[in-house]
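Coordinates as given in work.txt (compact mmCIF, C-alpha atoms):
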# COMPACT_ATOMS: atom_id res chain seq x y z
CA MET Z 300 60.07 112.03 105.44
CA LEU Z 301 61.05 110.03 108.52
CA LYS Z 302 63.74 111.48 110.73
CA ARG Z 303 66.54 109.24 111.94
CA LYS Z 304 65.92 108.17 115.53
CA ARG Z 305 68.25 109.78 118.05
CA TYR Z 306 69.74 108.17 121.13
CA SER Z 307 71.14 109.69 124.29
CA ILE Z 308 74.42 107.96 125.03
CA MET Z 309 76.38 107.81 128.26
CA ASP Z 310 80.12 107.59 128.59
CA LEU Z 311 80.58 103.87 129.21
CA ARG Z 312 83.44 104.34 131.67
CA ILE Z 313 82.43 107.45 133.66
CA LYS Z 314 78.68 107.00 133.08
CA TYR Z 315 77.55 110.55 132.51
CA SER Z 316 75.43 111.80 129.63
CA ILE Z 317 77.25 113.24 126.61
CA GLY Z 318 74.14 114.34 124.75
CA ALA Z 319 71.84 113.18 121.98
CA ILE Z 320 73.35 111.54 118.90
CA SER Z 321 72.02 109.71 115.84
CA SER Z 322 71.47 105.96 115.85
CA MET Z 323 74.34 105.50 113.37
CA GLU Z 324 76.71 107.42 115.61
CA TYR Z 325 75.49 105.44 118.62
CA LYS Z 326 76.21 102.18 116.81
CA ARG Z 327 79.66 103.38 115.72
CA ARG Z 328 80.65 104.31 119.27
CA ALA Z 329 79.21 101.09 120.65
CA ILE Z 330 81.25 99.00 118.21
CA LEU Z 331 84.42 100.92 119.07
CA ASN Z 332 83.80 100.43 122.76
CA GLU Z 333 83.37 96.69 122.32
CA LEU Z 334 86.44 96.37 120.07
CA ASN Z 335 88.45 98.09 122.76
CA TYR Z 336 88.29 94.78 124.66
CA MET Z 337 89.37 92.54 121.77
CA SER Z 338 91.24 89.62 123.40
CA TYR Z 339 92.77 86.30 122.48
CA LEU Z 340 90.54 83.26 123.17
CA SER Z 341 92.69 80.21 123.80
CA ALA Z 342 89.60 77.95 124.01
CA ARG Z 343 88.68 78.44 120.32
CA HIS Z 344 91.21 77.35 117.73
CA ALA Z 345 91.99 74.72 115.11
CA LEU Z 346 93.58 71.51 116.33
CA PRO Z 347 96.99 70.65 114.82
CA SER Z 348 96.56 68.19 111.95
CA MET Z 349 98.86 66.52 109.45
CA PHE Z 350 97.79 66.07 105.86
CA PRO Z 351 99.03 63.72 103.13
CA THR Z 352 100.96 65.85 100.65
CA GLN Z 353 103.06 64.94 97.63
CA ILE Z 354 106.42 66.73 97.51
CA ASN Z 355 108.89 66.59 94.61
CA ASN Z 356 106.99 63.71 92.95
CA ARG Z 357 107.65 61.46 95.93
CA PRO Z 358 104.95 59.30 97.55
CA PRO Z 359 102.55 61.36 99.68
CA GLN Z 360 103.73 62.02 103.22
CA LEU Z 361 102.07 63.57 106.27
CA VAL Z 362 103.04 67.22 106.81
CA LEU Z 363 102.01 70.21 108.90
CA ASP Z 364 100.88 72.80 106.36
CA THR Z 365 101.78 76.40 107.30
CA ILE Z 366 99.00 78.95 106.69
CA LEU Z 367 99.91 81.79 104.32
CA GLY Z 368 96.60 83.65 104.11
CA MET Z 369 92.93 83.54 105.11
CA GLU Z 370 89.58 85.26 104.60
CA ILE Z 371 86.23 84.86 106.36
CA ASP Z 372 83.17 84.37 104.16
CA PRO Z 373 81.45 87.77 103.79
CA ARG Z 374 77.87 86.56 103.89
CA GLU Z 375 77.49 84.62 107.14
CA GLY Z 376 80.93 84.62 108.75
CA LYS Z 377 80.76 80.85 109.32
CA ARG Z 378 83.42 79.58 106.92
CA LEU Z 379 87.07 80.55 106.93
CA LEU Z 380 88.96 80.21 103.65
CA VAL Z 381 92.60 79.23 104.25
CA LEU Z 382 95.61 79.13 101.91
CA SER Z 383 98.62 77.02 102.90
CA MET Z 384 102.26 76.65 101.94
CA PHE Z 385 101.95 73.23 100.29
CA ASN Z 386 99.58 74.68 97.69
CA ASN Z 387 96.26 73.78 99.26
CA VAL Z 388 93.04 75.70 99.81
CA ALA Z 389 90.80 74.67 102.71
CA LEU Z 390 87.45 75.65 104.21
CA PHE Z 391 87.02 75.60 108.00
CA ASP Z 392 83.81 75.69 110.02
CA VAL Z 393 84.20 78.64 112.44
CA SER Z 394 80.54 79.10 113.40
CA GLU Z 395 79.76 80.16 116.96
CA GLU Z 396 78.58 76.67 118.01
CA VAL Z 397 81.99 75.17 117.22
CA GLN Z 398 84.74 75.26 119.84
CA PHE Z 399 87.46 73.66 117.70
CA PHE Z 400 87.50 74.82 114.09
CA GLN Z 401 86.85 71.81 111.87
CA GLN Z 402 88.08 71.45 108.31
CA ILE Z 403 85.14 71.12 105.92
CA ARG Z 404 87.03 70.50 102.70
CA ARG Z 405 90.63 70.62 101.51
CA MET Z 406 91.49 71.18 97.84
CA PRO Z 407 94.90 71.07 96.15
CA ILE Z 408 95.73 73.91 93.77
CA PRO Z 409 96.08 72.26 90.35
CA HIS Z 410 99.41 72.02 88.50
CA ALA Z 411 101.23 73.23 91.59
CA ASP Z 412 104.86 72.59 92.36
CA HIS Z 413 104.62 71.17 95.90
CA THR Z 414 108.03 72.47 96.92
CA PRO Z 415 107.90 74.98 99.77
CA ARG Z 416 111.57 75.87 99.29
CA ASN Z 417 110.64 77.48 96.00
CA LYS Z 418 109.51 80.77 97.52
CA ARG Z 419 108.58 82.29 94.17
CA ALA Z 420 106.21 79.36 93.61
CA ALA Z 421 104.30 79.67 96.90
CA PRO Z 422 100.61 80.62 96.50
CA ASN Z 423 99.89 84.17 97.57
CA SER Z 424 96.29 85.08 98.37
CA VAL Z 425 92.70 83.84 98.65
CA HIS Z 426 89.47 85.84 98.37
CA TRP Z 427 85.69 85.44 98.42
CA LEU Z 428 83.16 86.94 96.06
CA TRP Z 429 80.84 89.27 98.03
CA ASP Z 430 77.97 86.72 98.17
CA GLY Z 431 80.13 83.76 99.22
CA SER Z 432 79.28 81.76 96.09
CA VAL Z 433 82.81 81.80 94.64
CA PHE Z 434 86.32 81.93 96.06
CA SER Z 435 89.66 82.31 94.33
CA ALA Z 436 93.38 81.69 94.76
CA CYS Z 437 96.38 82.70 92.66
CA HIS Z 438 99.49 80.62 92.02
CA LEU Z 439 102.37 80.74 89.51
CA ASP Z 440 100.84 82.21 86.32
CA SER Z 441 97.16 81.45 87.05
CA VAL Z 442 94.14 82.54 89.03
CA HIS Z 443 91.70 79.76 89.93
CA PHE Z 444 88.01 80.20 90.79
CA TRP Z 445 86.05 77.62 92.81
CA ASP Z 446 82.31 77.13 93.30
CA SER Z 447 82.03 77.26 97.11
CA SER Z 448 79.06 74.86 97.29
CA THR Z 449 80.69 72.04 95.30
CA CYS Z 450 84.35 73.03 95.92
CA THR Z 451 85.15 72.43 92.26
CA ILE Z 452 87.08 74.74 89.94
CA ILE Z 453 84.78 76.59 87.56
CA GLU Z 454 87.37 78.79 85.84
CA THR Z 455 91.14 79.15 85.50
CA VAL Z 456 92.68 82.25 83.93
CA LYS Z 457 96.32 82.02 82.85
CA LEU Z 458 98.47 85.13 82.50
CA ARG Z 459 101.75 85.86 80.76
CA THR Z 460 103.68 86.52 83.96
CA ASN Z 461 104.14 85.11 87.45
CA VAL Z 462 101.20 86.17 89.60
CA LEU Z 463 102.13 87.76 92.93
CA ASN Z 464 98.75 88.81 94.30
CA HIS Z 465 95.11 89.38 93.42
CA VAL Z 466 92.02 91.06 94.87
CA MET Z 467 88.32 91.01 94.00
CA ALA Z 468 86.55 94.29 93.32
CA ALA Z 469 83.03 92.96 92.98
CA LYS Z 470 80.72 94.20 95.73
CA LYS Z 471 76.99 93.67 96.06
CA HIS Z 472 76.05 96.61 93.85
CA SER Z 473 79.04 96.57 91.48
CA THR Z 474 78.46 96.93 87.76
CA HIS Z 475 81.31 94.55 86.91
CA LYS Z 476 82.88 91.55 88.58
CA TYR Z 477 86.51 92.56 88.19
CA VAL Z 478 89.56 90.91 89.70
CA ALA Z 479 92.84 92.85 89.75
CA VAL Z 480 95.97 90.69 89.50
CA SER Z 481 99.49 91.98 90.13
CA GLY Z 482 102.51 90.35 88.54
CA ALA Z 483 106.27 90.03 88.74
CA THR Z 484 106.72 92.36 85.75
CA GLY Z 485 104.86 95.24 87.42
CA HIS Z 486 101.78 94.97 85.22
CA VAL Z 487 98.29 94.75 86.72
CA PHE Z 488 95.79 92.62 84.82
CA ILE Z 489 92.03 93.16 85.17
CA ILE Z 490 90.00 89.96 84.83
CA ASP Z 491 86.26 89.99 84.13
CA MET Z 492 84.86 87.11 86.21
CA LEU Z 493 81.69 86.89 84.11
CA HIS Z 494 83.69 85.99 81.00
CA GLY Z 495 86.86 84.52 82.53
CA ILE Z 496 89.20 86.69 80.44
CA VAL Z 497 91.65 89.56 80.87
CA VAL Z 498 89.82 92.68 79.69
CA MET Z 499 92.58 95.24 80.28
CA THR Z 500 96.22 95.56 81.30
CA MET Z 501 97.47 98.49 83.35
CA ASN Z 502 100.87 99.78 82.22
CA ASN Z 503 103.94 98.91 84.32
CA ILE Z 504 105.31 102.35 85.20
CA GLU Z 505 108.23 100.67 86.91
CA LYS Z 506 109.48 97.18 86.07
CA SER Z 507 109.33 96.12 89.68
CA GLU Z 508 107.44 93.31 91.39
CA THR Z 509 104.02 94.46 92.63
CA ARG Z 510 103.30 92.19 95.56
CA THR Z 511 100.50 94.07 97.32
CA ILE Z 512 97.26 95.40 95.85
CA GLN Z 513 93.99 96.60 97.39
CA TRP Z 514 90.75 97.66 95.73
CA HIS Z 515 89.05 100.82 96.94
CA PRO Z 516 86.21 99.85 99.34
CA THR Z 517 83.63 102.20 97.78
CA ASN Z 518 84.94 102.97 94.28
CA GLU Z 519 84.99 99.91 92.00
CA LYS Z 520 87.13 101.73 89.44
CA GLN Z 521 90.12 102.46 91.68
CA TYR Z 522 92.76 100.41 93.46
CA VAL Z 523 96.15 100.96 95.07
CA THR Z 524 99.41 99.05 94.52
CA GLY Z 525 102.76 98.81 96.29
CA ASN Z 526 105.95 97.56 94.64
CA ASP Z 527 109.45 96.48 95.59
CA ASN Z 528 110.87 99.90 94.64
CA GLY Z 529 108.96 101.29 97.62
CA ASN Z 530 106.38 103.16 95.54
CA ILE Z 531 102.65 103.29 96.21
CA PHE Z 532 100.31 104.24 93.34
CA LEU Z 533 96.57 104.91 93.08
CA TRP Z 534 95.11 103.63 89.79
CA ASP Z 535 91.86 104.05 87.88
CA ILE Z 536 90.81 101.40 85.33
CA ARG Z 537 89.64 104.18 82.98
CA TYR Z 538 93.25 105.33 82.53
CA GLN Z 539 95.40 102.32 81.69
CA MET Z 540 98.68 104.00 80.76
CA LYS Z 541 99.20 106.26 83.78
CA TYR Z 542 98.54 106.14 87.51
CA VAL Z 543 96.18 108.69 89.08
CA LEU Z 544 98.37 109.49 92.06
CA LYS Z 545 101.76 108.65 93.51
CA PHE Z 546 101.95 108.71 97.30
CA GLN Z 547 104.96 110.77 98.38
CA ARG Z 548 106.88 111.77 101.49
CA ASP Z 549 107.69 115.28 100.24
CA ASN Z 550 106.57 117.71 97.57
CA SER Z 551 109.39 117.00 95.13
CA GLY Z 552 107.96 113.76 93.75
CA LEU Z 553 111.53 112.64 93.06
CA ILE Z 554 111.88 110.05 95.79
CA SER Z 555 110.01 106.80 96.36
CA SER Z 556 106.98 106.62 98.64
CA LEU Z 557 108.95 104.42 101.05
CA ASP Z 558 112.66 103.69 101.28
CA LYS Z 559 111.95 99.94 101.45
CA ALA Z 560 109.76 97.49 99.51
CA VAL Z 561 106.03 97.80 100.18
CA LEU Z 562 104.83 94.63 101.90
CA GLY Z 563 101.17 95.42 102.69
CA LEU Z 564 98.44 98.02 102.09
CA ARG Z 565 94.94 98.58 103.48
CA PHE Z 566 92.29 101.28 102.97
CA TYR Z 567 90.57 102.69 106.04
CA ASN Z 568 88.32 105.64 107.02
CA TYR Z 569 85.82 104.84 104.23
CA GLY Z 570 88.62 104.74 101.65
CA ASN Z 571 89.93 108.23 102.45
CA ASN Z 572 93.23 106.93 103.89
CA ILE Z 573 95.55 103.98 103.50
CA MET Z 574 98.01 102.28 105.82
CA SER Z 575 101.26 100.83 104.47
CA VAL Z 576 103.75 98.35 105.94
CA ASP Z 577 107.23 98.01 104.45
CA TYR Z 578 109.71 95.15 104.27
CA LYS Z 579 111.17 95.98 107.71
CA GLY Z 580 107.82 96.48 109.44
CA GLY Z 581 107.70 100.28 109.13
CA ILE Z 582 104.13 101.64 109.34
CA LYS Z 583 102.85 104.81 107.66
CA THR Z 584 99.46 106.31 106.85
CA TRP Z 585 98.53 108.36 103.79
CA ASP Z 586 95.81 110.70 102.53
CA VAL Z 587 94.18 109.24 99.41
CA ASN Z 588 92.93 112.60 98.08
CA THR Z 589 96.35 114.31 98.12
CA GLY Z 590 98.80 111.40 98.22
CA GLN Z 591 100.56 113.07 101.15
CA LEU Z 592 102.06 111.31 104.15
CA ARG Z 593 100.03 111.85 107.32
CA PRO Z 594 101.86 113.08 110.46
CA ASN Z 595 101.13 109.95 112.53
CA HIS Z 596 104.10 108.07 113.97
CA TYR Z 597 104.10 104.34 114.80
CA ALA Z 598 106.72 101.98 116.16
CA PRO Z 599 107.67 99.33 113.56
CA VAL Z 600 105.95 95.95 113.75
CA SER Z 601 108.24 92.95 114.21
CA LEU Z 602 107.49 90.63 111.29
CA SER Z 603 107.31 86.87 111.66
CA HIS Z 604 109.96 84.70 110.02
CA LEU Z 605 107.52 83.79 107.25
CA ASN Z 606 106.63 87.40 106.41
CA SER Z 607 110.23 88.62 106.49
CA ASN Z 608 111.76 85.73 104.51
CA PHE Z 609 109.19 84.90 101.82
CA LYS Z 610 110.13 87.72 99.48
CA TYR Z 611 107.14 87.37 97.18
CA LYS Z 612 104.54 87.01 99.93
CA HIS Z 613 102.50 90.09 100.79
CA TYR Z 614 101.88 90.99 104.44
CA GLN Z 615 98.22 90.33 105.32
CA PHE Z 616 97.05 92.64 108.09
CA ASP Z 617 93.57 94.10 108.56
CA VAL Z 618 91.67 97.23 109.64
CA THR Z 619 88.07 98.07 110.52
CA GLU Z 620 87.70 100.35 107.42
CA ASN Z 621 84.57 102.37 108.26
CA LEU Z 622 84.47 103.40 111.92
CA LYS Z 623 86.09 106.83 111.43
CA GLU Z 624 88.33 106.09 114.42
CA ASP Z 625 89.56 102.87 112.85
CA ILE Z 626 91.52 100.06 114.48
CA ALA Z 627 94.42 98.10 112.93
CA PHE Z 628 95.24 94.43 113.51
CA LEU Z 629 98.87 93.60 112.68
CA PRO Z 630 100.27 90.07 113.11
CA SER Z 631 103.81 90.13 114.47
CA ALA Z 632 106.58 87.89 115.74
CA ARG Z 633 105.34 88.60 119.27
CA GLY Z 634 101.57 88.43 119.00
CA MET Z 635 98.70 90.41 117.48
CA ARG Z 636 99.36 94.14 117.61
CA ILE Z 637 96.02 95.98 117.95
CA PHE Z 638 95.92 99.78 118.03
CA ASP Z 639 93.91 102.89 117.23
CA ILE Z 640 95.15 104.17 113.86
CA GLU Z 641 94.69 107.87 114.53
CA SER Z 642 96.43 108.02 117.89
CA GLY Z 643 98.66 104.95 117.62
CA GLU Z 644 97.53 103.96 121.11
CA HIS Z 645 97.55 100.21 121.74
CA LEU Z 646 94.33 98.60 122.92
CA PRO Z 647 94.40 97.00 126.40
CA SER Z 648 94.87 93.42 125.12
CA SER Z 649 97.28 94.20 122.28
CA ASN Z 650 100.01 91.55 122.07
CA ASP Z 651 98.28 89.55 124.82
CA VAL Z 652 99.56 86.27 123.40
CA GLY Z 653 103.26 85.75 122.70
CA LEU Z 654 102.89 83.72 119.51
CA SER Z 655 104.52 84.45 116.16
CA LEU Z 656 101.63 85.25 113.81
CA ASN Z 657 101.65 85.32 110.00
CA CYS Z 658 98.33 86.88 108.94
CA ALA Z 659 95.15 88.51 110.26
CA ASN Z 660 91.58 88.78 109.01
CA TYR Z 661 88.86 90.81 110.75
CA ASP Z 662 85.19 89.76 110.54
CA PRO Z 663 83.04 92.93 110.86
CA LYS Z 664 79.80 90.96 110.88
CA ASN Z 665 80.66 89.09 114.09
CA MET Z 666 83.25 91.56 115.40
CA CYS Z 667 85.97 88.95 115.78
CA LEU Z 668 89.47 88.39 114.45
CA TYR Z 669 91.28 85.38 112.96
CA GLY Z 670 95.01 84.90 112.74
CA SER Z 671 97.49 82.14 111.96
CA SER Z 672 100.45 80.79 113.86
CA ASP Z 673 102.23 78.39 111.51
CA GLU Z 674 99.60 75.72 110.74
CA LEU Z 675 97.13 76.78 113.47
CA ILE Z 676 94.14 79.14 113.29
CA LYS Z 677 93.84 81.49 116.28
CA PHE Z 678 90.85 83.55 117.40
CA TRP Z 679 90.22 86.95 119.08
CA LYS Z 680 86.92 88.42 120.27
CA PRO Z 681 85.86 91.28 122.59
CA GLN Z 682 85.65 90.07 126.20
CA LYS Z 683 83.48 91.48 128.95
CA CYS Z 684 85.28 92.91 131.97
CA GLU Z 685 84.41 94.97 135.01
CA ASN Z 686 84.69 98.23 133.07
CA ASN Z 687 82.05 97.26 130.51
CA MET Z 688 79.75 94.82 132.30
CA ASP Z 689 76.76 97.05 131.58
CA PHE Z 690 77.60 97.39 127.90
CA GLU Z 691 74.80 96.35 125.54
CA CYS Z 692 76.04 94.09 122.76
CA THR Z 693 75.88 95.84 119.38
CA SER Z 694 74.19 92.84 117.82
CA GLN Z 695 71.14 93.82 119.91
CA ILE Z 696 71.19 97.44 118.76
CA GLU Z 697 68.55 98.28 116.21
CA THR Z 698 69.31 100.99 113.70
CA SER Z 699 66.15 102.96 112.92
CA SER Z 700 65.69 105.09 109.87
Before anything else, please render the file you have as structure tokens.
Amino acid sequence: MLKRKRYSIMDLRIKYSIGAISSMEYKRRAILNELNYMSYLSARHALPSMFPTQINNRPPQLVLDTILGMEIDPREGKRLLVLSMFNNVALFDVSEEVQFFQQIRRMPIPHADHTPRNKRAAPNSVHWLWDGSVFSACHLDSVHFWDSSTCTIIETVKLRTNVLNHVMAAKKHSTHKYVAVSGATGHVFIIDMLHGIVVMTMNNIEKSETRTIQWHPTNEKQYVTGNDNGNIFLWDIRYQMKYVLKFQRDNSGLISSLDKAVLGLRFYNYGNNIMSVDYKGGIKTWDVNTGQLRPNHYAPVSLSHLNSNFKYKHYQFDVTENLKEDIAFLPSARGMRIFDIESGEHLPSSNDVGLSLNCANYDPKNMCLYGSSDELIKFWKPQKCENNMDFECTSQIETSS
């Protein structure tokens, strides 16, 4: 049996040896060191563009289309999937050779009411399948699935309620290709992508809008939801009538998880913890095994006008998920807030650009970050500085087994 190769690592600031560690631990620390210098790159962005859009059955007119959500393709990290307010889905070329992100294709969401004032009708989320072959968007009472190579719809699943959010569970080694869809009635519907049908419905414990939902990163049978009553629940698809765990601030179980509506949720630390953001920007972290509130304290994030006024829009922030000492990326009214989750300490370039940002999506493959400011795509990437000039890029690190 081959032993994992061990490296001797030096403290990258003080430059003294801190002993022998495994190659996996070396890579983890190297990634964290590089992410510590995550900075806004003003030279790479999408140019402002106006698109012909039909509103209220009037003749098409040119409009600036505000971005509501985005997700980088998981396979190569070269295409950014973007969802916009006027019910469009677009693909952008964000490969390293491109300075200005170019739109590859723009597709209207079918049967959409192109009225941005109707906040309940605004589309909510977009996601890729793990291999980049399919992407999806939800709107009104439907979830649409596109073939990413032809950009044509291959399946539409209609539900019996207004859809507020959805998330794909299918990973590379998943047994099923499930999509969890949350609705205005509090139900969660599980769609089987292989058959294009709803295969199960999770009971609505509370008749409250469930606007945020996240699938467990390593367990394809579990997901977490947050509703407008302020409650956060862990669910298992094997038990449809009852949640597995309610996250709680005390031991009584009589009060809600939060005292305000849950706006966003993300798993981190290999799925052992979650971070929540409420309707006023309050941030809390939780233990998934016990459902207990962790003792960390964070200053509230100032939400953009879009995130604080679109009641049925979830708050899209991101985290690194599997670095043990994970980092959070929170878009705010005053820039991109970047901090270490465990300590709450802001990274050196946190909020280094004073733009109001609506959403964030981290690309772990290329160690970069995308965000949106109204209709524009913005970009962050670790930048070399005097303190880490000798740092070896992690893309050049080989992991030996």
Segment 562-577 of chain Z: which residues within 8 Å, counting all atoms listed in the file, same-chain residues fewer than 3 positions away excluded, as an mmCIF file with C-alpha atoms, in the coordinates of the input?
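File around.cif, as written:
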data_model
loop_
_atom_site.group_PDB
_atom_site.id
_atom_site.type_symbol
_atom_site.label_atom_id
_atom_site.label_comp_id
_atom_site.auth_asym_id
_atom_site.auth_seq_id
_atom_site.Cartn_x
_atom_site.Cartn_y
_atom_site.Cartn_z
ATOM 1 C CA ARG Z 510 103.300 92.190 95.560
ATOM 2 C CA THR Z 511 100.500 94.070 97.320
ATOM 3 C CA ILE Z 512 97.260 95.400 95.850
ATOM 4 C CA GLN Z 513 93.990 96.600 97.390
ATOM 5 C CA HIS Z 515 89.050 100.820 96.940
ATOM 6 C CA PRO Z 516 86.210 99.850 99.340
ATOM 7 C CA THR Z 517 83.630 102.200 97.780
ATOM 8 C CA VAL Z 523 96.150 100.960 95.070
ATOM 9 C CA THR Z 524 99.410 99.050 94.520
ATOM 10 C CA GLY Z 525 102.760 98.810 96.290
ATOM 11 C CA ASN Z 526 105.950 97.560 94.640
ATOM 12 C CA GLY Z 529 108.960 101.290 97.620
ATOM 13 C CA LEU Z 557 108.950 104.420 101.050
ATOM 14 C CA LYS Z 559 111.950 99.940 101.450
ATOM 15 C CA GLY Z 580 107.820 96.480 109.440
ATOM 16 C CA GLY Z 581 107.700 100.280 109.130
ATOM 17 C CA ILE Z 582 104.130 101.640 109.340
ATOM 18 C CA LYS Z 583 102.850 104.810 107.660
ATOM 19 C CA THR Z 584 99.460 106.310 106.850
ATOM 20 C CA TRP Z 585 98.530 108.360 103.790
ATOM 21 C CA ASP Z 586 95.810 110.700 102.530
ATOM 22 C CA VAL Z 587 94.180 109.240 99.410
ATOM 23 C CA ASN Z 588 92.930 112.600 98.080
ATOM 24 C CA LYS Z 612 104.540 87.010 99.930
ATOM 25 C CA HIS Z 613 102.500 90.090 100.790
ATOM 26 C CA TYR Z 614 101.880 90.990 104.440
ATOM 27 C CA GLN Z 615 98.220 90.330 105.320
ATOM 28 C CA PHE Z 616 97.050 92.640 108.090
ATOM 29 C CA ASP Z 617 93.570 94.100 108.560
ATOM 30 C CA VAL Z 618 91.670 97.230 109.640
ATOM 31 C CA THR Z 619 88.070 98.070 110.520
ATOM 32 C CA GLU Z 620 87.700 100.350 107.420
ATOM 33 C CA ASN Z 621 84.570 102.370 108.260
ATOM 34 C CA LEU Z 622 84.470 103.400 111.920
ATOM 35 C CA LYS Z 623 86.090 106.830 111.430
ATOM 36 C CA GLU Z 624 88.330 106.090 114.420
ATOM 37 C CA ASP Z 625 89.560 102.870 112.850
#
If we count all atoms listed in the file and set the cut-off at 12 Å, which residues sit around Asn550 of chain Z, ignoring sequence neighbours fewer than 6 positions away in its own chain? Please answer as a PDB file with C-alpha atoms, in the coordinates of the input.
ATOM      1  CA  SER Z 556     106.980 106.620  98.640  1.00  0.00           C
ATOM      2  CA  THR Z 589      96.350 114.310  98.120  1.00  0.00           C
ATOM      3  CA  GLY Z 590      98.800 111.400  98.220  1.00  0.00           C
ATOM      4  CA  GLN Z 591     100.560 113.070 101.150  1.00  0.00           C
ATOM      5  CA  LEU Z 592     102.060 111.310 104.150  1.00  0.00           C
TER       6      LEU Z 592
END
Which residues are close to Ile640 of chain Z, i.e. within 8 Å by all atoms listed in the file, leaving aside same-chain residues fewer than 2 positions away? Reply as a PDB file with C-alpha atoms, in the frame of the given file.
ATOM      1  CA  GLU Z 624      88.330 106.090 114.420  1.00  0.00           C
ATOM      2  CA  ASP Z 625      89.560 102.870 112.850  1.00  0.00           C
ATOM      3  CA  ILE Z 626      91.520 100.060 114.480  1.00  0.00           C
ATOM      4  CA  ALA Z 627      94.420  98.100 112.930  1.00  0.00           C
ATOM      5  CA  PHE Z 638      95.920  99.780 118.030  1.00  0.00           C
ATOM      6  CA  SER Z 642      96.430 108.020 117.890  1.00  0.00           C
ATOM      7  CA  GLY Z 643      98.660 104.950 117.620  1.00  0.00           C
ATOM      8  CA  GLU Z 644      97.530 103.960 121.110  1.00  0.00           C
TER       9      GLU Z 644
END
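Of the residues under consideration (Z:Leu331, Z:Met501, Z:Ile371, Z:Met635), Z:Ile371 shows the shortest atom-to-atom contact distance to Val393 of chain Z when counting all atoms listed in the file.
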Students should find that atom CA of Arg537 of chain Z and atom CA of Ile453 of chain Z are spaced 28.4 Å
### Message
Residues within 10 Å of Glu375 of chain Z, please, as an MDAnalysis selection string. Count all atoms listed in the file; anything in the same chain fewer than 2 positions from it doesn't count.
### Response
chainID Z and resid 371:373 377:378 394 430:431 662 664:665
Point to revise | Which of Z:Ile408, Z:Leu675, Z:Leu334, Z:Ala632 sits closest to Ser603 of chain Z [using only C-alpha atoms] | key: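 Of all the options, Z:Ala632 lies closest to Ser603 of chain Z.
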Restricting to only C-alpha atoms, whichever of Z:Ala483, Z:Leu439, Z:Val478, Z:Val561 is closest to Val497 of chain Z is Z:Val478
Correct to one decimal, the distance atom CA of Gln402 of chain Z-atom CA of Pro422 of chain Z is 19.5 Å
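Between Asp440 of chain Z and the residues Z:Val425, Z:Leu463, Z:Ile676, Z:Leu493, the shortest atom-to-atom distance, using all atoms listed in the file, involves Z:Leu463.
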Six-sided padding of 6 Å per side, axis-aligned box over segment 583-594 of chain Z, centre and edges in Å, one decimal, as AutoDock Vina command-line options:
--center_x 97.9 --center_y 109.6 --center_z 104.3 --size_x 21.9 --size_y 21.5 --size_z 24.4
- Message: So that I can see what lies close to Thr365 of chain Z, please list as a PyMOL selection string the residues with an atom at most 12 Å from it, counting all atoms listed in the file and leaving out residues fewer than 3 positions away in the same chain.
- Response: chain Z and resi 347-350+362+368-369+381-388+415+421-422+604-605+656-658+671-676
TODO: Calculate how many Å separate atom CA of Phe488 of chain Z from atom CA of Asp527 of chain Z, rounding to one decimal.
DONE: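 These two atoms are separated by 17.8 Å.
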**Asked** So which one's closest to Arg633 of chain Z, Z:Gly653, Z:Pro647, Z:Pro409, Z:Pro358? Using only C-alpha atoms, please.
**Response**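 Among Z:Gly653, Z:Pro647, Z:Pro409, Z:Pro358, it is Z:Gly653 that comes nearest to Arg633 of chain Z.
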- Item | Proximity to Arg404 of chain Z - best of Z:Thr449, Z:Ser631, Z:Ser435, Z:Asn595, only C-alpha atoms |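 Of the candidates, the smallest distance to Arg404 of chain Z is held by Z:Thr449.
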